[in-house]
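Below: the structure, in structure tokens.
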Amino acid sequence: MADDKTKRDLRDRDRVSADEDYEVRYFAKQHRITPEQVRELIREHGNDRKILEREARKLRG
């Protein structure tokens, strides 16, 4: 089910959804990694944004 774009709040800002392509693309662009790498990070570490940011930094070296 797609997100309702009219309902905006901070409930899931601390998560990255692997099911939403725009979230994966945005996170990938923001951290200069590929969308495939983002999905792999989500599979390995879950969807917590802080953990994913830490792991994305490790990927870049």
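Scheme for the structure tokens: letters A, B, ... for chains in order shown; per-chain residue numbers from 1; ligand numbers from 1 in order shown.
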Quiz item: When DSSP works through the backbone of this structure, what residues of chain A end up as helix (DSSP H, G or I), shown as an MDAnalysis selection string?
Solution: chainID A and resid 21:31 35:45 49:60
Exercise. Do a neighbour search on region 39-46 of chain A at 12 Å with only C-alpha atoms, toss out local chain neighbours closer than 4 positions, and write the hits as a count of residues only.
Key: 26
